[in-house]
>>> print(open('data-v2.json').read())   # JSON, C-alpha atoms
[["chain", "number", "residue", "atom", "x", "y", "z"],
["A", 163, "MET", "CA", 5.32, -35.89, 10.02],
["A", 164, "THR", "CA", 3.40, -34.46, 12.96],
["A", 165, "ASP", "CA", -0.17, -33.21, 12.88],
["A", 166, "PHE", "CA", 1.19, -29.64, 12.87],
["A", 167, "GLY", "CA", 3.42, -30.44, 9.89],
["A", 168, "ILE", "CA", 0.46, -31.90, 8.02],
["A", 169, "ALA", "CA", -1.63, -28.83, 8.82],
["A", 170, "ARG", "CA", 1.16, -26.51, 7.65],
["A", 171, "ALA", "CA", 1.61, -28.47, 4.40],
["A", 172, "LEU", "CA", -2.15, -28.39, 3.77],
["A", 173, "HIS", "CA", -2.20, -24.68, 4.56],
["A", 174, "LEU", "CA", 0.61, -23.92, 2.10],
["A", 175, "ILE", "CA", -0.90, -26.05, -0.67],
["A", 176, "THR", "CA", -4.28, -24.39, -0.34],
["A", 177, "VAL", "CA", -2.79, -20.89, -0.25],
["A", 178, "VAL", "CA", -0.71, -21.65, -3.37],
["A", 179, "LEU", "CA", -3.81, -22.85, -5.24],
["A", 180, "TRP", "CA", -5.97, -20.00, -3.95],
["A", 181, "ILE", "CA", -3.67, -16.98, -4.39],
["A", 182, "GLY", "CA", -1.94, -18.57, -7.38],
["A", 183, "GLY", "CA", -5.36, -18.85, -8.99],
["A", 184, "VAL", "CA", -6.04, -15.20, -8.26],
["A", 185, "GLY", "CA", -2.68, -14.40, -9.88],
["A", 186, "MET", "CA", -3.59, -16.45, -12.96],
["A", 187, "VAL", "CA", -6.98, -14.79, -13.28],
["A", 188, "THR", "CA", -5.52, -11.30, -12.76],
["A", 189, "THR", "CA", -2.41, -11.48, -14.92],
["A", 190, "VAL", "CA", -3.42, -13.95, -17.65],
["A", 191, "LEU", "CA", -7.17, -14.54, -17.90],
["A", 192, "LEU", "CA", -8.46, -10.98, -17.61],
["A", 193, "PRO", "CA", -5.90, -9.48, -20.04],
["A", 194, "GLY", "CA", -6.49, -12.41, -22.44],
["A", 195, "ILE", "CA", -10.22, -11.81, -22.45],
["A", 196, "ARG", "CA", -9.62, -8.07, -22.92],
["A", 197, "ARG", "CA", -7.55, -8.80, -26.05],
["A", 198, "SER", "CA", -9.78, -11.51, -27.53],
["A", 199, "HIS", "CA", -13.33, -10.28, -26.89],
["A", 200, "SER", "CA", -15.26, -7.14, -27.70],
["A", 201, "PRO", "CA", -16.20, -4.91, -24.76],
["A", 202, "ASN", "CA", -19.77, -6.24, -24.75],
["A", 203, "GLU", "CA", -18.59, -9.88, -24.59],
["A", 204, "ARG", "CA", -15.83, -9.52, -21.97],
["A", 205, "PHE", "CA", -17.83, -9.69, -18.76],
["A", 206, "GLY", "CA", -19.85, -12.69, -19.98],
["A", 207, "ALA", "CA", -16.71, -14.55, -21.03],
["A", 208, "PHE", "CA", -15.02, -13.78, -17.74],
["A", 209, "HIS", "CA", -18.04, -14.79, -15.71],
["A", 210, "ALA", "CA", -18.35, -18.13, -17.52],
["A", 211, "ILE", "CA", -14.70, -19.06, -16.91],
["A", 212, "GLU", "CA", -14.38, -17.53, -13.46],
["A", 213, "ALA", "CA", -17.40, -19.44, -12.12],
["A", 214, "ARG", "CA", -15.40, -22.66, -12.36],
["A", 215, "PHE", "CA", -12.43, -21.14, -10.52],
["A", 216, "ALA", "CA", -14.76, -19.74, -7.84],
["A", 217, "ASN", "CA", -15.57, -23.30, -6.74],
["A", 218, "GLN", "CA", -11.86, -24.10, -6.39],
["A", 219, "ALA", "CA", -11.31, -20.81, -4.55],
["A", 220, "ARG", "CA", -14.13, -21.61, -2.12],
["A", 221, "TRP", "CA", -12.61, -25.00, -1.27],
["A", 222, "THR", "CA", -9.05, -23.75, -0.97],
["A", 223, "THR", "CA", -10.03, -20.65, 1.00],
["A", 224, "GLY", "CA", -12.07, -22.78, 3.38],
["A", 225, "LEU", "CA", -9.26, -25.30, 3.86],
["A", 226, "ALA", "CA", -6.70, -22.53, 4.33],
["A", 227, "GLY", "CA", -8.86, -21.00, 7.05],
["A", 228, "LEU", "CA", -9.43, -24.30, 8.82],
["A", 229, "SER", "CA", -5.78, -25.34, 8.67],
["A", 230, "GLY", "CA", -4.66, -21.89, 9.84],
["A", 231, "LEU", "CA", -7.09, -21.97, 12.74],
["A", 232, "TYR", "CA", -5.93, -25.47, 13.65],
["A", 233, "MET", "CA", -2.28, -24.39, 13.69],
["A", 234, "VAL", "CA", -3.00, -21.38, 15.92],
["A", 235, "TRP", "CA", -5.02, -23.61, 18.27],
["A", 236, "ARG", "CA", -2.47, -26.44, 18.19],
["A", 237, "ILE", "CA", 0.50, -24.31, 19.26],
["A", 238, "ASP", "CA", -1.64, -21.95, 21.35],
["A", 239, "ALA", "CA", -0.49, -18.92, 19.38],
["A", 240, "TRP", "CA", -3.44, -16.68, 20.25],
["A", 241, "ASP", "CA", -1.16, -14.18, 21.99],
["A", 242, "ARG", "CA", 0.47, -13.35, 18.65],
["A", 243, "PHE", "CA", -2.66, -11.41, 17.78],
["A", 244, "THR", "CA", -1.85, -8.94, 20.55],
["A", 245, "SER", "CA", 1.56, -8.02, 19.12],
["A", 246, "ALA", "CA", 2.29, -5.69, 16.21],
["A", 247, "ALA", "CA", 5.41, -7.78, 15.50],
["A", 248, "PHE", "CA", 3.07, -10.49, 14.26],
["A", 249, "TRP", "CA", 1.24, -8.14, 11.86],
["A", 250, "TRP", "CA", 1.40, -10.87, 9.24],
["A", 251, "MET", "CA", -0.91, -13.05, 11.36],
["A", 252, "HIS", "CA", -3.46, -10.23, 11.29],
["A", 253, "ALA", "CA", -2.88, -9.87, 7.53],
["A", 254, "MET", "CA", -3.57, -13.59, 7.02],
["A", 255, "VAL", "CA", -6.85, -13.36, 8.89],
["A", 256, "LEU", "CA", -7.81, -10.14, 7.07],
["A", 257, "THR", "CA", -6.98, -11.62, 3.66],
["A", 258, "TRP", "CA", -8.89, -14.81, 4.46],
["A", 259, "LEU", "CA", -11.85, -12.77, 5.74],
["A", 260, "VAL", "CA", -11.99, -10.52, 2.65],
["A", 261, "PHE", "CA", -11.90, -13.49, 0.28],
["A", 262, "THR", "CA", -14.34, -15.52, 2.36],
["A", 263, "LEU", "CA", -16.86, -12.68, 2.42],
["A", 264, "MET", "CA", -16.44, -12.17, -1.33],
["A", 265, "LEU", "CA", -16.69, -15.86, -2.25],
["A", 266, "PHE", "CA", -19.37, -17.03, 0.18],
["A", 267, "ILE", "CA", -21.54, -13.95, 0.72],
["A", 268, "ALA", "CA", -21.03, -11.00, -1.64],
["A", 269, "GLU", "CA", -20.63, -12.84, -4.93],
["A", 270, "PRO", "CA", -23.43, -15.39, -4.63],
["A", 271, "PHE", "CA", -25.97, -13.12, -2.92],
["A", 272, "PHE", "CA", -25.60, -9.73, -4.59],
["A", 273, "LEU", "CA", -22.27, -8.84, -6.19],
["A", 274, "GLY", "CA", -22.64, -11.14, -9.19],
["A", 275, "ARG", "CA", -26.09, -9.79, -10.07],
["A", 276, "TRP", "CA", -24.99, -6.20, -9.46],
["A", 277, "LEU", "CA", -22.03, -6.61, -11.81],
["A", 278, "GLU", "CA", -24.25, -8.21, -14.47],
["A", 279, "ARG", "CA", -26.71, -5.29, -14.30],
["A", 280, "ARG", "CA", -23.81, -2.82, -14.41],
["A", 281, "ALA", "CA", -22.25, -4.64, -17.39],
["A", 282, "ALA", "CA", -25.56, -4.40, -19.29],
["A", 283, "ILE", "CA", -25.40, -0.63, -18.89],
["A", 284, "ASN", "CA", -21.65, -0.06, -19.33],
["A", 285, "ALA", "CA", -19.74, -3.23, -20.21],
["A", 286, "GLU", "CA", -16.31, -1.63, -20.57],
["A", 287, "ALA", "CA", -16.41, 0.24, -17.25],
["A", 288, "THR", "CA", -17.62, -2.88, -15.46],
["A", 289, "TYR", "CA", -14.82, -4.97, -16.90],
["A", 290, "ARG", "CA", -12.25, -2.35, -15.85],
["A", 291, "LEU", "CA", -13.73, -2.43, -12.33],
["A", 292, "VAL", "CA", -13.42, -6.23, -12.22],
["A", 293, "GLU", "CA", -9.79, -5.96, -13.35],
["A", 294, "ARG", "CA", -8.98, -3.34, -10.70],
["A", 295, "LEU", "CA", -10.64, -5.36, -7.94],
["A", 296, "HIS", "CA", -8.62, -8.42, -8.91],
["A", 297, "TRP", "CA", -5.38, -6.42, -8.81],
["A", 298, "VAL", "CA", -6.26, -5.17, -5.31],
["A", 299, "LEU", "CA", -7.06, -8.71, -4.14],
["A", 300, "LEU", "CA", -3.85, -10.07, -5.67],
["A", 301, "ALA", "CA", -1.77, -7.32, -4.03],
["A", 302, "LEU", "CA", -3.38, -8.06, -0.66],
["A", 303, "GLY", "CA", -2.60, -11.75, -1.08],
["A", 304, "LEU", "CA", 1.00, -11.21, -2.15],
["A", 305, "VAL", "CA", 1.80, -8.73, 0.65],
["A", 306, "THR", "CA", 0.32, -11.20, 3.12],
["A", 307, "ILE", "CA", 2.33, -14.10, 1.71],
["A", 308, "ALA", "CA", 5.56, -12.07, 1.79],
["A", 309, "GLY", "CA", 4.91, -10.97, 5.36],
["A", 310, "ALA", "CA", 4.04, -14.49, 6.51],
["A", 311, "ALA", "CA", 7.02, -16.10, 4.77],
["A", 312, "ALA", "CA", 9.38, -13.59, 6.34],
["A", 313, "GLY", "CA", 7.58, -13.72, 9.69],
["A", 314, "VAL", "CA", 7.82, -17.49, 10.15],
["A", 315, "ALA", "CA", 11.54, -17.15, 9.36],
["A", 316, "GLY", "CA", 11.92, -14.55, 12.11],
["A", 317, "VAL", "CA", 12.24, -11.55, 9.80],
["A", 318, "ASN", "CA", 9.85, -8.69, 10.42],
["A", 319, "LEU", "CA", 9.38, -6.75, 7.20],
["A", 320, "ALA", "CA", 7.40, -4.01, 9.00],
["A", 321, "GLY", "CA", 10.18, -3.34, 11.52],
["A", 322, "PHE", "CA", 8.00, -3.64, 14.64]]
>>> encode(input="data-v2.json", output="structure tokens")
Amino acid sequence: MTDFGIARALHLITVVLWIGGVGMVTTVLLPGIRRSHSPNERFGAFHAIEARFANQARWTTGLAGLSGLYMVWRIDAWDRFTSAAFWWMHAMVLTWLVFTLMLFIAEPFFLGRWLERRAAINAEATYRLVERLHWVLLALGLVTIAGAAAGVAGVNLAGF
């Protein structure tokens, strides 16, 4: 296996763990907490469990970004970012950037505390907001994965 093949395998594994984890949190964990906890307990229960996943998400997001950057550098694919036909490359960078900002900046520095204060005032509305945000993040991840999978196979889902 070449260095590019290793980088691609690492990239795929980290994206599976990262976006798969988001899918698990969004479709299983959040609804499970909604059914098993009272409104005032939901955000606390979610926060306690999600904190452990956040560490995994930080590692996998970081490795996905590094392996993606390495692959672009290795095959000198910078010109793809100038073409609309490679929209999925832009989507990968955008998705990575959104998650990286959330995981490394927003959540640890202000978002977590803001959500806790908001939950103390209106627990149910805060939990609904957390659920909606996770659905948006999951949708972004899945659209990106679909576009990238089709794009590397030579199929352009956007028709550019």
>>> axis_aligned_box(input="data-v2.json", around="range 187-191 of chain A", padding_each_side="8 Å", output="JSON")
{"center_x": -4.8, "center_y": -13.0, "center_z": -15.3, "size_x": 20.8, "size_y": 19.5, "size_z": 21.1}
>>> closest_residue(input="data-v2.json", among="A:Thr164, A:Ala239, A:Thr222, A:Gly303", to="Leu256 in chain A", atoms="all atoms listed in the file")
A:Gly303
>>> closest_residue(input="data-v2.json", among="A:Ala246, A:Ala282, A:Leu228, A:Leu300", to="Gly313 in chain A", atoms="only C-alpha atoms")
A:Ala246
>>> closest_residue(input="data-v2.json", among="A:Leu295, A:Ile211, A:Ala310, A:Ala219", to="Val255 in chain A", atoms="all atoms listed in the file")
A:Ala310
>>> atom_distance(input="data-v2.json", atom1="CA of Leu174 in chain A", atom2="CA of Leu273 in chain A")
28.6 Å
>>> residues_around(input="data-v2.json", residues="Val292 in chain A", least_positions_apart="6", cutoff="9 Å", atoms="only C-alpha atoms", output="ChimeraX atom specification")
/A:192,205,277
>>> closest_residue(input="data-v2.json", among="A:Ala287, A:Ala247, A:Ala301, A:Met233", to="Ala171 in chain A", atoms="all atoms listed in the file")
A:Met233
>>> build_atoms(input="data-v2.json", residues="range 171-195 of chain A", atoms="N, CA and C atoms", output="PDB file, keeping the file's coordinate frame")
ATOM      1  N   ALA A 171       1.524 -28.085   5.813  1.00  0.00           N
ATOM      2  CA  ALA A 171       1.610 -28.470   4.400  1.00  0.00           C
ATOM      3  C   ALA A 171       0.271 -28.227   3.700  1.00  0.00           C
ATOM      4  N   LEU A 172      -0.827 -28.624   4.337  1.00  0.00           N
ATOM      5  CA  LEU A 172      -2.150 -28.390   3.770  1.00  0.00           C
ATOM      6  C   LEU A 172      -2.413 -26.897   3.606  1.00  0.00           C
ATOM      7  N   HIS A 173      -2.027 -26.127   4.607  1.00  0.00           N
ATOM      8  CA  HIS A 173      -2.200 -24.680   4.560  1.00  0.00           C
ATOM      9  C   HIS A 173      -1.438 -24.079   3.369  1.00  0.00           C
ATOM     10  N   LEU A 174      -0.195 -24.456   3.202  1.00  0.00           N
ATOM     11  CA  LEU A 174       0.610 -23.920   2.100  1.00  0.00           C
ATOM     12  C   LEU A 174       0.061 -24.318   0.740  1.00  0.00           C
ATOM     13  N   ILE A 175      -0.344 -25.584   0.603  1.00  0.00           N
ATOM     14  CA  ILE A 175      -0.900 -26.050  -0.670  1.00  0.00           C
ATOM     15  C   ILE A 175      -2.160 -25.275  -1.024  1.00  0.00           C
ATOM     16  N   THR A 176      -3.038 -25.099  -0.039  1.00  0.00           N
ATOM     17  CA  THR A 176      -4.280 -24.390  -0.340  1.00  0.00           C
ATOM     18  C   THR A 176      -4.044 -22.915  -0.646  1.00  0.00           C
ATOM     19  N   VAL A 177      -3.094 -22.293   0.044  1.00  0.00           N
ATOM     20  CA  VAL A 177      -2.790 -20.890  -0.250  1.00  0.00           C
ATOM     21  C   VAL A 177      -2.165 -20.752  -1.639  1.00  0.00           C
ATOM     22  N   VAL A 178      -1.305 -21.683  -2.014  1.00  0.00           N
ATOM     23  CA  VAL A 178      -0.710 -21.650  -3.370  1.00  0.00           C
ATOM     24  C   VAL A 178      -1.808 -21.755  -4.426  1.00  0.00           C
ATOM     25  N   LEU A 179      -2.729 -22.696  -4.255  1.00  0.00           N
ATOM     26  CA  LEU A 179      -3.810 -22.850  -5.240  1.00  0.00           C
ATOM     27  C   LEU A 179      -4.736 -21.637  -5.249  1.00  0.00           C
ATOM     28  N   TRP A 180      -5.049 -21.126  -4.068  1.00  0.00           N
ATOM     29  CA  TRP A 180      -5.970 -20.000  -3.950  1.00  0.00           C
ATOM     30  C   TRP A 180      -5.373 -18.712  -4.511  1.00  0.00           C
ATOM     31  N   ILE A 181      -4.252 -18.248  -3.949  1.00  0.00           N
ATOM     32  CA  ILE A 181      -3.670 -16.980  -4.390  1.00  0.00           C
ATOM     33  C   ILE A 181      -3.015 -17.133  -5.762  1.00  0.00           C
ATOM     34  N   GLY A 182      -2.458 -18.317  -6.043  1.00  0.00           N
ATOM     35  CA  GLY A 182      -1.940 -18.570  -7.380  1.00  0.00           C
ATOM     36  C   GLY A 182      -3.031 -18.480  -8.425  1.00  0.00           C
ATOM     37  N   GLY A 183      -4.215 -18.963  -8.076  1.00  0.00           N
ATOM     38  CA  GLY A 183      -5.360 -18.850  -8.990  1.00  0.00           C
ATOM     39  C   GLY A 183      -5.762 -17.401  -9.202  1.00  0.00           C
ATOM     40  N   VAL A 184      -5.727 -16.628  -8.134  1.00  0.00           N
ATOM     41  CA  VAL A 184      -6.040 -15.200  -8.260  1.00  0.00           C
ATOM     42  C   VAL A 184      -4.997 -14.541  -9.166  1.00  0.00           C
ATOM     43  N   GLY A 185      -3.735 -14.929  -9.011  1.00  0.00           N
ATOM     44  CA  GLY A 185      -2.680 -14.400  -9.880  1.00  0.00           C
ATOM     45  C   GLY A 185      -2.912 -14.769 -11.341  1.00  0.00           C
ATOM     46  N   MET A 186      -3.311 -15.999 -11.588  1.00  0.00           N
ATOM     47  CA  MET A 186      -3.590 -16.450 -12.960  1.00  0.00           C
ATOM     48  C   MET A 186      -4.760 -15.668 -13.560  1.00  0.00           C
ATOM     49  N   VAL A 187      -5.819 -15.529 -12.790  1.00  0.00           N
ATOM     50  CA  VAL A 187      -6.980 -14.790 -13.280  1.00  0.00           C
ATOM     51  C   VAL A 187      -6.596 -13.336 -13.570  1.00  0.00           C
ATOM     52  N   THR A 188      -5.848 -12.726 -12.655  1.00  0.00           N
ATOM     53  CA  THR A 188      -5.520 -11.300 -12.760  1.00  0.00           C
ATOM     54  C   THR A 188      -4.526 -10.999 -13.865  1.00  0.00           C
ATOM     55  N   THR A 189      -3.493 -11.814 -13.986  1.00  0.00           N
ATOM     56  CA  THR A 189      -2.410 -11.480 -14.920  1.00  0.00           C
ATOM     57  C   THR A 189      -2.508 -12.164 -16.275  1.00  0.00           C
ATOM     58  N   VAL A 190      -3.323 -13.217 -16.380  1.00  0.00           N
ATOM     59  CA  VAL A 190      -3.420 -13.950 -17.650  1.00  0.00           C
ATOM     60  C   VAL A 190      -4.841 -13.934 -18.206  1.00  0.00           C
ATOM     61  N   LEU A 191      -5.801 -14.396 -17.406  1.00  0.00           N
ATOM     62  CA  LEU A 191      -7.170 -14.540 -17.900  1.00  0.00           C
ATOM     63  C   LEU A 191      -7.812 -13.207 -18.263  1.00  0.00           C
ATOM     64  N   LEU A 192      -7.811 -12.269 -17.337  1.00  0.00           N
ATOM     65  CA  LEU A 192      -8.460 -10.980 -17.610  1.00  0.00           C
ATOM     66  C   LEU A 192      -7.828 -10.239 -18.787  1.00  0.00           C
ATOM     67  N   PRO A 193      -6.486 -10.134 -18.863  1.00  0.00           N
ATOM     68  CA  PRO A 193      -5.900  -9.480 -20.040  1.00  0.00           C
ATOM     69  C   PRO A 193      -6.185 -10.260 -21.339  1.00  0.00           C
ATOM     70  N   GLY A 194      -6.197 -11.595 -21.255  1.00  0.00           N
ATOM     71  CA  GLY A 194      -6.490 -12.410 -22.440  1.00  0.00           C
ATOM     72  C   GLY A 194      -7.900 -12.166 -22.952  1.00  0.00           C
ATOM     73  N   ILE A 195      -8.843 -12.097 -22.058  1.00  0.00           N
ATOM     74  CA  ILE A 195     -10.220 -11.810 -22.450  1.00  0.00           C
ATOM     75  C   ILE A 195     -10.326 -10.410 -23.028  1.00  0.00           C
TER      76      ILE A 195
END
